[in-house]
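For reference, the structure is listed below as C-alpha cells.
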Amino acid sequence: MKLKDKLSILQAIYDIYDRLFNATPHACQKFCSSCCTVNVTMTSLEGMYILHHIPLEHKHSLYGTIKSCSSPKRYQPKLTLNGFAESCMAGIDIPDEENDPSWGKCPLLLERSCTIYDYRPMACRIMMSKSICDEHGCADMDELTITLNNIFLQYAEHIDEKGFFGNLTDILLFLDHEENGLRQDNTRFSVIKNRAAPFLMIPPEHRKRIVPIIEEIQGKIWG
C-alpha cells in the first residue's frame with residue numbers, strides 16, 4: 001500500500017474517532033493540558049502525517065523545539081498495543097514499563113495549547129475525560145470508552161505494520177534522519193516495530209455496541 005493511501009486511511013480513522021468524541025459528553029477543553037505529557041506515543045505513520053501537514057518553513061522550528069525541550073526521561077515503550085495482544089495470546093509475560101507524568105510536558109505544547117492539535121496522534125485523541133482531570137489526577141473514562149480507544153489504537157498500528165512505534169519525540173527524531181528513514185537499522189533510536197493486530201481486544205459485553213464502528217473502520221481500510 002502506498003504511503004498516500006495509508007495517510008488517507010489514517011485520516012479516515014481519525015475522522016471516525018473525532019465524530020464519536022464530539023458526540024460523547026466530555027470535560028476536555030482548550031488549554032486543558034493535564035494529559036499532554038512527554039510520554040505521548042505514536043506510530044511512524046502518525047509521525048509522517050504530522051510532518052506532511054506542517055509547512056516546510058515550520059519544520060525546522062518544530063525540530064528545534066523537540067530537541068531543546070524534550071525531557072531526557074520519557075516513556076519509551078517495550079511493546080506496542082498489538083504486541084501486547086500477541087503476548088497475551090501466547091501466554092508470554094508482559095515486561096514492566098515505567099511511565100510517570102511528572103517527567104514533564106509534551107514539547108509541542110505552547111502556553112498549554114497544542115501546536116499540532118489538528119494533526120495530533122491517536123494517543124492524544126483518545127484522552128477523553130468525563131470530568132476535569134486535575135480534579136482526580138487522571139482521565140475519567142468508562143469501560144466502553146477504554147475498549148473503543150484500544151480498538152482505534154490497534155487499527156492505527158495495524159495499517160502501519162511495517163513501520164515503527166515509540167515516544168512522540170523519538171519517532172519524530174527518527175523520521176528526521178533522512179539517511180536512516182524507515183529503511184535502516186532502528187537500534188540507533190528508541191523505537192520498536194509495529195505489529196498487525198492478531199485480534200481486537202473487545203470484552204464480550206461490548207461487542208454489540210462496537211461491531212458497527214469496526215465495520216466502518218474496516219470499510220475505510222479495505223474499501
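Chain labels A, B, ... are given in the sequence in which chains occur in the C-alpha cells; within each chain residues are numbered consecutively from 1, and ligands are likewise numbered from 1 in the order shown.
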So that I can check the secondary structure, give me every residue of segment 29-214 of chain A assigned strand (DSSP E) by backbone DSSP, as a short mmCIF file (atom, residue, chain, number, x, y, z; two decimals) with C-alpha atoms, in the first residue's frame.
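Resulting contents of selection-v9.cif:
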```cif
data_model
loop_
_atom_site.label_atom_id
_atom_site.label_comp_id
_atom_site.auth_asym_id
_atom_site.auth_seq_id
_atom_site.Cartn_x
_atom_site.Cartn_y
_atom_site.Cartn_z
CA THR A 41 3.41 7.67 21.92
CA MET A 42 2.61 7.21 18.23
CA THR A 43 3.40 5.21 15.12
CA LEU A 109 2.77 22.47 23.93
CA LEU A 110 2.91 26.26 23.82
CA SER A 113 -2.07 24.79 23.87
CA CYS A 114 -1.18 22.03 21.40
CA PHE A 164 7.66 1.72 13.94
CA PHE A 165 6.27 2.81 17.29
CA GLY A 166 7.65 4.86 20.14
CA ASN A 167 7.56 8.07 22.10
CA VAL A 191 11.61 2.83 18.58
CA ILE A 192 10.15 -0.64 18.12
CA LYS A 193 8.46 -2.40 15.23
#
```
Within 10 Å of Thr37 of chain A using only C-alpha atoms, minus same-chain residues under 3 positions, as JSON, numbers by chain: {"A": [33, 34, 40, 71, 74, 75, 100, 101, 102, 103, 104, 105, 106, 107, 108, 109, 124]}
Residue contacts of segment 196-211 of chain A (6 Å, only C-alpha atoms) excluding same-chain residues fewer than 3 positions away, as a ChimeraX atom specification: /A:82,158,161,214
Backbone DSSP call of alpha helix (DSSP H) for segment 33-149 of chain A, listed as an MDAnalysis selection string: chainID A and resid 44:53 56:69 81:90 122:125 133:136 143:149
Atomic separation - atom CA of Ile171 of chain A relative to atom CA of His58 of chain A, Å: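 Straight-line distance from atom CA of His58 of chain A to atom CA of Ile171 of chain A works out to 17.7 Å.
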Shortest interatomic distance to Pro212 of chain A - which of A:Leu175, A:Glu86, A:Thr24, A:Leu148, counting only C-alpha atoms: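 Among the listed residues, A:Leu148 lies closest to Pro212 of chain A.
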Atomic separation - atom CA of Asn194 of chain A relative to atom CA of Gln76 of chain A, Å: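 Atom-to-atom, atom CA of Gln76 of chain A to atom CA of Asn194 of chain A, that is 13.9 Å.
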Gap from atom CA of Asp15 of chain A to atom CA of Leu79 of chain A - Å, one decimal: 26.2 Å
